[in-house]
Structures are given as structure tokens and as C-alpha cells.
$ cat run36.txt   # compact mmCIF, C-alpha atoms and all ligand atoms
# COMPACT_ATOMS: atom_id res chain seq x y z
CA MET A 62 4.65 -22.20 -121.13
CA VAL A 63 7.13 -24.86 -122.24
CA GLU A 64 9.28 -24.27 -125.35
CA LEU A 65 8.84 -27.48 -127.39
CA GLY A 66 10.70 -26.61 -130.61
CA VAL A 67 13.70 -28.75 -131.65
CA SER A 68 15.92 -28.98 -134.75
CA LEU A 69 17.07 -32.11 -136.57
CA GLY A 70 19.89 -30.60 -138.57
CA SER A 71 18.21 -27.75 -140.42
CA LEU A 72 14.74 -29.30 -140.02
CA GLN A 73 12.86 -27.13 -137.52
CA MET A 74 10.15 -29.03 -135.65
CA LYS A 75 7.49 -27.24 -133.58
CA ASN A 76 7.67 -30.10 -131.09
CA PRO A 77 9.82 -33.25 -130.88
CA VAL A 78 7.14 -35.70 -132.04
CA THR A 79 6.80 -37.32 -135.45
CA VAL A 80 5.50 -40.74 -136.50
CA ALA A 81 7.49 -43.83 -137.46
CA SER A 82 7.38 -44.40 -141.20
CA GLY A 83 4.80 -46.99 -142.20
CA THR A 84 2.56 -46.57 -139.15
CA PHE A 85 0.66 -43.46 -140.28
CA ALA A 86 0.53 -43.71 -144.12
CA ALA A 87 0.79 -40.05 -145.12
CA GLY A 88 -1.64 -38.92 -142.42
CA LEU A 89 -4.92 -38.72 -144.35
CA GLU A 90 -6.35 -41.87 -142.76
CA TYR A 91 -5.52 -40.46 -139.31
CA SER A 92 -6.93 -37.00 -139.88
CA ASP A 93 -10.23 -37.81 -138.09
CA PHE A 94 -8.18 -38.30 -134.93
CA VAL A 95 -5.11 -36.08 -135.33
CA ASP A 96 -4.56 -32.56 -136.67
CA VAL A 97 -1.40 -33.48 -138.60
CA ALA A 98 -0.19 -29.87 -138.49
CA LYS A 99 0.19 -30.25 -134.70
CA LEU A 100 2.91 -32.89 -135.15
CA GLY A 101 6.56 -31.89 -135.21
CA ALA A 102 6.47 -33.56 -138.64
CA VAL A 103 4.62 -36.29 -140.51
CA THR A 104 6.95 -39.05 -141.70
CA THR A 105 5.44 -40.80 -144.70
CA LYS A 106 5.49 -44.51 -145.59
CA GLY A 107 8.58 -45.51 -147.56
CA VAL A 108 8.34 -44.55 -151.22
CA SER A 109 10.14 -46.11 -154.17
CA LEU A 110 10.49 -44.90 -157.74
CA HIS A 111 7.65 -47.07 -159.04
CA GLY A 112 4.95 -48.82 -157.05
CA TRP A 113 5.77 -52.00 -155.14
CA GLU A 114 3.24 -54.77 -154.36
CA GLY A 115 4.82 -55.75 -151.05
CA ASN A 116 5.09 -59.28 -149.67
CA ASP A 117 2.51 -62.06 -149.61
CA SER A 118 0.00 -62.29 -146.74
CA PRO A 119 -0.14 -62.99 -143.87
CA ARG A 120 2.28 -60.16 -143.19
CA ILE A 121 1.21 -58.96 -139.73
CA ALA A 122 1.28 -60.93 -136.48
CA GLU A 123 0.58 -59.80 -132.94
CA THR A 124 3.23 -60.88 -130.40
CA PRO A 125 3.59 -60.34 -126.63
CA SER A 126 3.87 -56.54 -126.13
CA GLY A 127 4.47 -55.99 -129.82
CA MET A 128 3.87 -56.99 -133.41
CA LEU A 129 5.71 -58.43 -136.38
CA ASN A 130 5.32 -57.01 -139.87
CA SER A 131 6.65 -58.15 -143.21
CA ILE A 132 4.88 -55.64 -145.45
CA GLY A 133 7.81 -55.34 -147.87
CA LEU A 134 7.52 -51.58 -148.42
CA GLN A 135 4.31 -51.75 -150.42
CA ASN A 136 3.72 -48.31 -151.89
CA PRO A 137 2.16 -46.71 -154.98
CA GLY A 138 5.38 -44.96 -156.12
CA VAL A 139 6.79 -41.47 -155.98
CA ASP A 140 4.48 -39.94 -158.61
CA HIS A 141 1.43 -40.86 -156.53
CA LEU A 142 3.04 -39.36 -153.43
CA LYS A 143 3.67 -36.13 -155.33
CA GLU A 144 0.25 -35.95 -156.92
CA VAL A 145 -1.93 -36.97 -153.97
CA GLU A 146 -0.35 -37.11 -150.52
CA LEU A 147 2.15 -34.26 -150.58
CA PRO A 148 -0.38 -31.64 -151.81
CA TRP A 149 -2.80 -32.80 -149.09
CA LEU A 150 -0.11 -32.52 -146.39
CA GLN A 151 0.85 -29.07 -147.69
CA GLY A 152 -2.80 -28.01 -147.51
CA GLN A 153 -2.88 -29.11 -143.87
CA GLY A 154 0.19 -27.01 -143.05
CA ALA A 155 2.16 -30.10 -141.94
CA SER A 156 5.95 -30.45 -141.94
CA VAL A 157 6.89 -33.50 -143.99
CA ILE A 158 9.69 -36.05 -143.80
CA VAL A 159 9.58 -38.45 -146.75
CA ASN A 160 10.94 -41.95 -146.10
CA VAL A 161 12.92 -42.95 -149.21
CA SER A 162 13.31 -46.59 -150.31
CA GLY A 163 15.11 -48.31 -153.14
CA HIS A 164 16.17 -51.70 -154.42
CA SER A 165 19.44 -50.16 -155.60
CA VAL A 166 21.57 -47.16 -154.70
CA GLU A 167 20.51 -45.55 -157.98
CA GLU A 168 16.84 -45.89 -157.04
CA TYR A 169 17.29 -44.02 -153.74
CA VAL A 170 18.92 -41.17 -155.63
CA ALA A 171 16.22 -41.18 -158.33
CA VAL A 172 13.47 -40.95 -155.70
CA ILE A 173 15.14 -37.95 -154.07
CA GLU A 174 15.70 -36.28 -157.44
CA ALA A 175 12.02 -36.79 -158.29
CA LEU A 176 11.02 -35.12 -155.01
CA GLU A 177 13.28 -32.08 -155.19
CA ASP A 178 10.52 -29.87 -156.65
CA ALA A 179 7.90 -31.16 -154.17
CA PRO A 180 6.90 -29.73 -150.75
CA VAL A 181 9.19 -31.91 -148.62
CA ASP A 182 11.02 -30.66 -145.52
CA ALA A 183 13.44 -33.57 -145.06
CA TYR A 184 14.28 -37.05 -146.32
CA GLU A 185 14.64 -40.17 -144.20
CA VAL A 186 16.76 -42.71 -146.09
CA ASN A 187 15.51 -46.20 -145.28
CA ILE A 188 18.50 -48.54 -145.17
CA SER A 189 16.89 -50.59 -142.44
CA CYS A 190 13.73 -52.35 -143.66
CA PRO A 191 14.20 -56.07 -142.86
CA ASN A 192 11.46 -57.21 -145.26
CA VAL A 193 13.02 -56.80 -148.69
CA ASP A 194 15.63 -58.89 -150.53
CA ALA A 195 17.35 -55.86 -152.10
CA GLY A 196 17.88 -52.43 -150.56
CA GLY A 197 16.66 -51.73 -147.01
CA MET A 198 18.58 -53.59 -144.34
CA THR A 199 20.86 -55.24 -146.90
CA PHE A 200 22.51 -51.81 -147.27
CA GLY A 201 22.22 -50.86 -143.60
CA CYS A 202 24.16 -53.78 -142.11
CA ILE A 203 27.49 -52.99 -143.77
CA PRO A 204 29.24 -49.68 -143.02
CA GLU A 205 30.63 -49.37 -146.57
CA SER A 206 27.24 -49.72 -148.31
CA ALA A 207 25.46 -47.56 -145.71
CA SER A 208 28.09 -44.93 -146.34
CA GLU A 209 27.76 -45.22 -150.15
CA VAL A 210 23.96 -44.77 -150.14
CA THR A 211 24.25 -41.83 -147.75
CA ALA A 212 26.97 -40.10 -149.76
CA LEU A 213 25.06 -40.40 -153.05
CA CYS A 214 21.80 -39.20 -151.47
CA ARG A 215 23.76 -36.32 -149.90
CA LYS A 216 24.95 -35.26 -153.36
CA ALA A 217 21.37 -35.33 -154.66
CA THR A 218 19.93 -32.82 -152.17
CA SER A 219 20.73 -29.95 -149.85
CA ARG A 220 17.59 -30.71 -147.81
CA PRO A 221 18.00 -32.30 -144.35
CA LEU A 222 19.03 -35.94 -144.72
CA ILE A 223 18.12 -38.37 -141.94
CA VAL A 224 19.42 -41.93 -142.27
CA LYS A 225 17.32 -44.64 -140.61
CA LEU A 226 19.42 -47.36 -139.00
CA THR A 227 18.66 -51.01 -138.39
CA PRO A 228 19.15 -52.58 -134.96
CA ASN A 229 20.07 -55.87 -136.66
CA VAL A 230 23.79 -55.17 -136.45
CA THR A 231 26.56 -56.02 -134.03
CA ASP A 232 27.77 -52.45 -133.51
CA ILE A 233 25.17 -49.70 -133.98
CA ALA A 234 27.71 -46.97 -133.14
CA GLU A 235 29.88 -48.04 -136.08
CA MET A 236 26.91 -47.65 -138.45
CA ALA A 237 26.06 -44.25 -136.97
CA ARG A 238 29.63 -43.03 -137.43
CA ALA A 239 29.69 -44.33 -141.04
CA VAL A 240 26.60 -42.39 -142.12
CA GLU A 241 27.64 -39.27 -140.20
CA ALA A 242 30.98 -39.27 -142.05
CA ALA A 243 29.11 -39.72 -145.38
CA GLY A 244 27.06 -36.57 -144.84
CA ALA A 245 23.91 -37.47 -142.89
CA ASP A 246 22.42 -34.51 -141.00
CA ALA A 247 20.73 -36.81 -138.48
CA ILE A 248 20.10 -40.49 -137.79
CA SER A 249 16.86 -42.20 -136.86
CA LEU A 250 16.67 -45.46 -134.94
CA ILE A 251 15.58 -48.09 -134.37
CA ASN A 252 13.81 -49.76 -137.26
CA THR A 253 12.36 -53.18 -136.42
CA LEU A 254 14.21 -56.19 -135.04
CA LEU A 255 14.20 -59.30 -137.18
CA GLY A 256 11.96 -61.92 -135.58
CA MET A 257 9.50 -64.70 -136.33
CA ALA A 258 6.35 -66.31 -135.01
CA ILE A 259 5.31 -69.95 -135.27
CA ASP A 260 1.85 -71.49 -135.08
CA ALA A 261 2.48 -74.64 -133.04
CA LYS A 262 -0.79 -76.31 -134.11
CA SER A 263 -0.14 -76.06 -137.85
CA ARG A 264 3.66 -76.23 -137.35
CA ARG A 265 3.94 -73.36 -139.82
CA PRO A 266 5.37 -69.85 -139.64
CA VAL A 267 2.69 -67.21 -139.01
CA LEU A 268 4.12 -64.84 -141.64
CA ALA A 269 4.20 -65.84 -145.31
CA ARG A 270 7.79 -64.57 -145.55
CA VAL A 271 8.60 -66.53 -142.35
CA VAL A 272 10.53 -63.63 -140.77
CA GLY A 273 9.48 -60.05 -140.11
CA GLY A 274 10.27 -56.93 -138.11
CA LEU A 275 9.37 -56.73 -134.41
CA SER A 276 8.12 -53.38 -133.03
CA GLY A 277 6.14 -52.07 -130.08
CA PRO A 278 6.80 -51.85 -126.32
CA ALA A 279 8.78 -55.12 -126.41
CA VAL A 280 11.66 -53.40 -128.26
CA LYS A 281 11.85 -50.22 -126.15
CA PRO A 282 14.76 -51.24 -123.90
CA ILE A 283 16.83 -52.19 -126.95
CA ALA A 284 15.95 -48.95 -128.72
CA LEU A 285 16.88 -46.87 -125.66
CA ARG A 286 20.21 -48.66 -125.39
CA MET A 287 21.02 -48.06 -129.07
CA VAL A 288 19.99 -44.39 -128.98
CA TRP A 289 22.20 -43.93 -125.93
CA GLN A 290 25.15 -45.68 -127.62
CA CYS A 291 24.76 -43.58 -130.78
CA ALA A 292 24.53 -40.38 -128.76
CA GLN A 293 28.01 -41.16 -127.39
CA ALA A 294 29.33 -41.95 -130.88
CA VAL A 295 28.16 -39.09 -133.14
CA ASP A 296 27.61 -35.33 -133.04
CA ILE A 297 24.57 -35.26 -135.35
CA PRO A 298 21.07 -35.26 -133.80
CA ILE A 299 19.07 -38.45 -133.25
CA LEU A 300 15.42 -39.20 -133.98
CA GLY A 301 14.65 -41.96 -131.49
CA MET A 302 11.90 -44.56 -131.75
CA GLY A 303 10.92 -48.04 -130.62
CA GLY A 304 7.90 -48.72 -128.45
CA ILE A 305 6.99 -45.12 -127.58
CA SER A 306 3.37 -44.73 -126.49
CA SER A 307 3.45 -42.08 -123.74
CA GLY A 308 5.05 -38.76 -122.91
CA GLU A 309 7.24 -40.49 -120.35
CA ASP A 310 8.50 -42.96 -122.99
CA ALA A 311 9.43 -39.99 -125.20
CA ILE A 312 11.23 -38.26 -122.33
CA GLU A 313 13.28 -41.41 -121.70
CA PHE A 314 14.48 -41.35 -125.33
CA MET A 315 15.40 -37.66 -125.03
CA LEU A 316 17.33 -38.30 -121.81
CA ALA A 317 19.19 -41.09 -123.66
CA GLY A 318 20.23 -38.54 -126.28
CA ALA A 319 17.39 -38.22 -128.83
CA THR A 320 16.52 -34.73 -130.05
CA ALA A 321 13.17 -35.86 -131.44
CA VAL A 322 11.06 -39.01 -131.20
CA ALA A 323 8.70 -41.02 -133.39
CA VAL A 324 5.53 -42.82 -132.33
CA GLY A 325 5.05 -46.02 -134.34
CA THR A 326 3.17 -49.17 -133.42
CA ALA A 327 1.08 -47.29 -130.83
CA ASN A 328 -0.72 -45.56 -133.73
CA PHE A 329 -2.36 -48.87 -134.64
CA SER A 330 -4.02 -49.42 -131.27
CA ASP A 331 -4.59 -45.74 -130.44
CA PRO A 332 -4.80 -43.40 -133.45
CA HIS A 333 -4.59 -40.42 -131.06
CA ALA A 334 -1.32 -41.64 -129.49
CA THR A 335 0.86 -38.88 -131.00
CA MET A 336 -1.24 -36.14 -129.41
CA ASP A 337 -1.14 -37.90 -126.05
CA VAL A 338 2.65 -38.11 -126.32
CA ILE A 339 2.94 -34.35 -127.03
CA ASP A 340 0.62 -33.58 -124.09
CA GLY A 341 2.60 -35.97 -121.88
CA ILE A 342 5.92 -34.29 -122.76
CA THR A 343 4.43 -30.88 -121.92
CA ARG A 344 3.01 -32.13 -118.63
CA TYR A 345 6.34 -33.72 -117.62
CA CYS A 346 8.17 -30.46 -118.35
CA GLU A 347 5.66 -28.41 -116.35
CA GLU A 348 5.87 -30.80 -113.39
CA GLN A 349 9.68 -30.88 -113.51
CA GLY A 350 10.13 -27.12 -114.00
CA VAL A 351 11.66 -27.62 -117.47
CA THR A 352 11.04 -24.48 -119.55
CA ASP A 353 12.71 -25.71 -122.77
CA VAL A 354 12.41 -29.35 -123.86
CA LYS A 355 15.92 -29.18 -125.38
CA GLU A 356 17.29 -29.15 -121.80
CA LEU A 357 16.35 -32.83 -121.62
CA ILE A 358 18.42 -34.02 -124.60
CA GLY A 359 21.18 -36.32 -123.32
CA GLY A 360 20.25 -35.43 -119.74
CA LEU A 361 20.62 -38.98 -118.42
CA ILE A 362 22.44 -39.07 -115.07
CA CYS A 363 24.66 -42.17 -114.92
C1 LIG A 401 7.84 -52.73 -144.46
O1 LIG A 401 7.19 -52.11 -145.30
O2 LIG A 401 8.18 -53.91 -144.64
C2 LIG A 401 8.26 -52.07 -143.16
C3 LIG A 401 9.02 -50.84 -143.38
C4 LIG A 401 10.35 -50.81 -142.72
O3 LIG A 401 10.67 -51.69 -141.92
O4 LIG A 401 11.13 -49.89 -142.98
$ encode --input "run36.txt" --output "C-alpha cells"
Amino acid sequence: MVELGVSLGSLQMKNPVTVASGTFAAGLEYSDFVDVAKLGAVTTKGVSLHGWEGNDSPRIAETPSGMLNSIGLQNPGVDHLKEVELPWLQGQGASVIVNVSGHSVEEYVAVIEALEDAPVDAYEVNISCPNVDAGGMTFGCIPESASEVTALCRKATSRPLIVKLTPNVTDIAEMARAVEAAGADAISLINTLLGMAIDAKSRRPVLARVVGGLSGPAVKPIALRMVWQCAQAVDIPILGMGGISSGEDAIEFMLAGATAVAVGTANFSDPHATMDVIDGITRYCEEQGVTDVKELIGGLIC
């Protein structure tokens, strides 16, 4: 038997595997394939105070070993999440991380305040979406604004606060230190890398917004590098993600310093991917004589 439980701050997870926000909705659409209660946690799609329409289409493009998205945080708003998705997740017995979005600092705080009486186990503050003109990555690229959002969200809740970082910065460790100092209990990384695709025949961009966020196996080496750099820079736990589709991928992130991992783009091509990752982690531990998965965190031998 392998002990799979891990903690992200005070968030206890039965195993280290969650989903990357925006790749799993709130789980309902995946429930034919996945028992959501078997996940370490379900991380929901980013939610704002009121519904957002998102960006114009096309807003998805397949790329070599990955995909671009420019969804723009489309969501039906926090009331819908509270009335529909959160009760369903509670009924399933799932642990829930809600990804919180805002166009302003005040909106992030208002979303958290609205959720304080709801069955939520942790918040993930999204200061890293590259597909919006206000909020998202615009806050996450500057240490001062990342720190301000984190500090105000910290004041609004005593629940575990995870801050999701963007890789579109020069020094990821500086951003990690800024949000740790402002009260984050954990960081998650990486969100998507800003990229673009061009249709040579039409000479036009593939995405209506021209640029979008790159995810999938193509970004894994960058994500591993950033998780490893952050693990040297901060004492708070790390939720690592970027191109994970197998147990071995997840183990690599844990060796780099992640306490938990999220499966993202893989959910689109294989809706059962999360379960395969959990099984793969267990198998690796059994084969390697690892009795507690926590032994692997930061276990990279350099
Ligand atoms: C989006 O909705 O545009 C993607 C979400 C994100 O990158 O955080």
C-alpha cells in the first residue's frame, strides 16, 4: 500500500492529483469517465462575479504537441457556481478548489466573499490568464500588483489560498516570493505561455484574438524548470502543471519540488487521463519501493 495523501497548506488531498482550471469545467461533463471524488481535488473553471461571454471565435487551435486557447474566462458567474456546480460536487463527495477571476482587485475579493458560505475547500487566485485585457496576467506580471491581489484575497478568507502564476515573466521566482510574502498558502504553476498560430494560406491569425495561451506536452520542460526554480525560492507548497498526461510526468513534477500536480490539456484528448495519472503514480511508487508519495517531493538528484 502506498500512502498518497498530501497537503497544500491546510488543504488535505487524498492523492496529489487535481485538474488544471478550465480543462474539466466543474466535473459534471466528465462524470461518465471519472469518479470526481477519487481526485485529490476538482479545480473549477475560473469564476467571476457576474457572467462573462469570453472572447470571439475561433478561440482554440491545435499546435504541435499542444494547443492554443483564447477563451477569455467565459463563465456564468459566481451565483451559478453556487447554485448548480458546487452542490453537485458536494453531493459527489469531491474536494473543491475554486479558481477565482476578476477584472479588478475588488472583483477577486467580491468573488471570494460570495463563496465564503459555500462548500469550497480552497481558492486558486487566477492572476495568470493571458486572454483578458484586465485582471489575469496583467496582475500576475508585476510583483507589486500580484502582491496586492494576494494580500486583499488573504484578508477576505481564512481558507487555503493558492495563487496561480503566469510563466510569461522574466523571473518566476520573484513572483513566487512576492505572493508568498503577501500571504499565499501555496502557488500553482504554470498557466499557459503566450503564443500565436498563423494560417499561411489565408495570411491570417488562426485565433480571433490573434494571441492565446499554449498548453500541453510542448510546455512541460518549461513548466518543470519553473517549478524547480520556485521550489528553491519559497517555502510554501507548489501545485505543478504543464503537459502532464502520465504518472511518470507527475512524478517528474514532484521530484522538481511540486507537492501536488494538475492534469490539464490531456483531459481533452483522454477524459480518463486523471485516473491514469493516479494509477501511474501508485505503480511508480510500488516499483521504486516508495511507501509515501511525499518522499518524492523535491527529490531531484542534481
Ligand atoms: C481562458 O479562459 O482564457 C483560459 C483560462 C486561463 O488561462 O486561466
$ residues_near_ligand --input "run36.txt" --ligand "ligand LIG 401 (chain A)" --cutoff "7 Å" --atoms "all atoms listed in the file" --output "PyMOL selection string"
chain A and resi 82-83+107+130-135+187+189-193+252-253+274
$ residues_around --input "run36.txt" --residues "segment 220-223 of chain A" --least-positions-apart "5" --cutoff "7 Å" --atoms "all atoms listed in the file" --output "ChimeraX atom specification"
/A:70-72,182-186,245-249
$ write_last_selection --input "run36.txt" --atoms "C-alpha atoms" --output "CSV table (one decimal), in the frame of the given file"
chain,number,residue,atom,x,y,z
A,70,GLY,CA,19.9,-30.6,-138.6
A,71,SER,CA,18.2,-27.8,-140.4
A,72,LEU,CA,14.7,-29.3,-140.0
A,182,ASP,CA,11.0,-30.7,-145.5
A,183,ALA,CA,13.4,-33.6,-145.1
A,184,TYR,CA,14.3,-37.0,-146.3
A,185,GLU,CA,14.6,-40.2,-144.2
A,186,VAL,CA,16.8,-42.7,-146.1
A,245,ALA,CA,23.9,-37.5,-142.9
A,246,ASP,CA,22.4,-34.5,-141.0
A,247,ALA,CA,20.7,-36.8,-138.5
A,248,ILE,CA,20.1,-40.5,-137.8
A,249,SER,CA,16.9,-42.2,-136.9
$ residues_around --input "run36.txt" --residues "Val103 of chain A" --least-positions-apart "4" --cutoff "9 Å" --atoms "all atoms listed in the file" --output "JSON, numbers by chain"
{"A": [78, 79, 80, 81, 82, 85, 87, 88, 97, 98, 150, 155, 156, 157, 158, 159]}
$ closest_residue --input "run36.txt" --among "A:Leu357, A:Glu64, A:Ile297, A:Val95" --to "Asp331 of chain A" --atoms "only C-alpha atoms"
A:Val95
$ closest_residue --input "run36.txt" --among "A:Thr104, A:Ser109, A:Ser206, A:Thr326" --to "Ala175 of chain A" --atoms "all atoms listed in the file"
A:Ser109
$ atom_distance --input "run36.txt" --atom1 "atom CA of Tyr169 of chain A" --atom2 "atom CA of Ala195 of chain A"
12.0 Å
$ residues_around --input "run36.txt" --residues "Val338 of chain A" --least-positions-apart "2" --cutoff "9 Å" --atoms "only C-alpha atoms" --output "list of chain:residue names"
A:Val78, A:Ile305, A:Ser306, A:Ser307, A:Gly308, A:Glu309, A:Asp310, A:Ala311, A:Val324, A:His333, A:Ala334, A:Thr335, A:Met336, A:Asp340, A:Gly341, A:Ile342, A:Thr343
$ closest_residue --input "run36.txt" --among "A:Pro266, A:Pro119, A:Gly318, A:Pro77" --to "Ala292 of chain A" --atoms "only C-alpha atoms"
A:Gly318
$ atom_distance --input "run36.txt" --atom1 "atom CA of Leu285 of chain A" --atom2 "atom CA of Ala317 of chain A"
6.5 Å
$ atom_distance --input "run36.txt" --atom1 "atom CA of Asn76 of chain A" --atom2 "atom CA of Lys355 of chain A"
10.1 Å
$ closest_residue --input "run36.txt" --among "A:Val230, A:Ala207, A:Met128, A:Val351" --to "Val280 of chain A" --atoms "all atoms listed in the file"
A:Met128
$ closest_residue --input "run36.txt" --among "A:Ile121, A:Val108, A:Val295, A:Ile283" --to "Leu268 of chain A" --atoms "only C-alpha atoms"
A:Ile121
$ residues_around --input "run36.txt" --residues "Ile358 of chain A" --least-positions-apart "4" --cutoff "6 Å" --atoms "only C-alpha atoms" --output "short mmCIF file (atom, residue, chain, number, x, y, z; two decimals) with C-alpha atoms, in the coordinates of the input"
data_model
loop_
_atom_site.label_atom_id
_atom_site.label_comp_id
_atom_site.auth_asym_id
_atom_site.auth_seq_id
_atom_site.Cartn_x
_atom_site.Cartn_y
_atom_site.Cartn_z
CA MET A 315 15.40 -37.66 -125.03
CA LEU A 316 17.33 -38.30 -121.81
CA GLY A 318 20.23 -38.54 -126.28
CA THR A 320 16.52 -34.73 -130.05
#
$ closest_residue --input "run36.txt" --among "A:Glu146, A:Asp260, A:Asp296, A:Glu123" --to "Ala237 of chain A" --atoms "only C-alpha atoms"
A:Asp296
$ decode --input "run36.txt" --residues "segment 173-185 of chain A" --atoms "N, CA, C and O atoms" --output "PDB file, in the first residue's frame"
ATOM      1  N   ILE A 173     -14.568  35.930  -3.732  1.00  0.00           N
ATOM      2  CA  ILE A 173     -14.247  35.123  -2.536  1.00  0.00           C
ATOM      3  C   ILE A 173     -15.298  35.353  -1.452  1.00  0.00           C
ATOM      4  O   ILE A 173     -15.796  34.390  -0.843  1.00  0.00           O
ATOM      5  N   GLU A 174     -15.659  36.612  -1.241  1.00  0.00           N
ATOM      6  CA  GLU A 174     -16.666  36.894  -0.198  1.00  0.00           C
ATOM      7  C   GLU A 174     -17.980  36.176  -0.511  1.00  0.00           C
ATOM      8  O   GLU A 174     -18.628  35.630   0.379  1.00  0.00           O
ATOM      9  N   ALA A 175     -18.346  36.141  -1.790  1.00  0.00           N
ATOM     10  CA  ALA A 175     -19.600  35.479  -2.176  1.00  0.00           C
ATOM     11  C   ALA A 175     -19.533  33.967  -1.939  1.00  0.00           C
ATOM     12  O   ALA A 175     -20.566  33.312  -1.787  1.00  0.00           O
ATOM     13  N   LEU A 176     -18.321  33.421  -1.927  1.00  0.00           N
ATOM     14  CA  LEU A 176     -18.174  31.965  -1.811  1.00  0.00           C
ATOM     15  C   LEU A 176     -17.931  31.493  -0.378  1.00  0.00           C
ATOM     16  O   LEU A 176     -17.864  30.284  -0.122  1.00  0.00           O
ATOM     17  N   GLU A 177     -17.797  32.426   0.550  1.00  0.00           N
ATOM     18  CA  GLU A 177     -17.393  32.031   1.896  1.00  0.00           C
ATOM     19  C   GLU A 177     -18.412  31.124   2.599  1.00  0.00           C
ATOM     20  O   GLU A 177     -18.052  30.375   3.494  1.00  0.00           O
ATOM     21  N   ASP A 178     -19.695  31.198   2.190  1.00  0.00           N
ATOM     22  CA  ASP A 178     -20.687  30.307   2.816  1.00  0.00           C
ATOM     23  C   ASP A 178     -20.958  29.069   1.945  1.00  0.00           C
ATOM     24  O   ASP A 178     -21.919  28.338   2.168  1.00  0.00           O
ATOM     25  N   ALA A 179     -20.133  28.839   0.939  1.00  0.00           N
ATOM     26  CA  ALA A 179     -20.346  27.714   0.010  1.00  0.00           C
ATOM     27  C   ALA A 179     -19.350  26.583   0.318  1.00  0.00           C
ATOM     28  O   ALA A 179     -18.308  26.817   0.939  1.00  0.00           O
ATOM     29  N   PRO A 180     -19.674  25.351  -0.122  1.00  0.00           N
ATOM     30  CA  PRO A 180     -18.772  24.218   0.140  1.00  0.00           C
ATOM     31  C   PRO A 180     -17.542  24.247  -0.762  1.00  0.00           C
ATOM     32  O   PRO A 180     -17.498  23.610  -1.808  1.00  0.00           O
ATOM     33  N   VAL A 181     -16.556  25.025  -0.342  1.00  0.00           N
ATOM     34  CA  VAL A 181     -15.305  25.203  -1.089  1.00  0.00           C
ATOM     35  C   VAL A 181     -14.164  24.852  -0.147  1.00  0.00           C
ATOM     36  O   VAL A 181     -14.163  25.265   1.009  1.00  0.00           O
ATOM     37  N   ASP A 182     -13.190  24.082  -0.628  1.00  0.00           N
ATOM     38  CA  ASP A 182     -12.068  23.687   0.241  1.00  0.00           C
ATOM     39  C   ASP A 182     -10.872  24.613   0.105  1.00  0.00           C
ATOM     40  O   ASP A 182     -10.049  24.691   1.024  1.00  0.00           O
ATOM     41  N   ALA A 183     -10.735  25.275  -1.042  1.00  0.00           N
ATOM     42  CA  ALA A 183      -9.602  26.180  -1.243  1.00  0.00           C
ATOM     43  C   ALA A 183      -9.911  27.082  -2.435  1.00  0.00           C
ATOM     44  O   ALA A 183     -10.753  26.757  -3.279  1.00  0.00           O
ATOM     45  N   TYR A 184      -9.203  28.219  -2.484  1.00  0.00           N
ATOM     46  CA  TYR A 184      -9.313  29.119  -3.635  1.00  0.00           C
ATOM     47  C   TYR A 184      -7.999  29.110  -4.400  1.00  0.00           C
ATOM     48  O   TYR A 184      -6.919  29.063  -3.794  1.00  0.00           O
ATOM     49  N   GLU A 185      -8.119  29.170  -5.727  1.00  0.00           N
ATOM     50  CA  GLU A 185      -6.934  29.385  -6.571  1.00  0.00           C
ATOM     51  C   GLU A 185      -7.135  30.745  -7.238  1.00  0.00           C
ATOM     52  O   GLU A 185      -8.079  30.921  -8.023  1.00  0.00           O
TER      53      GLU A 185
END
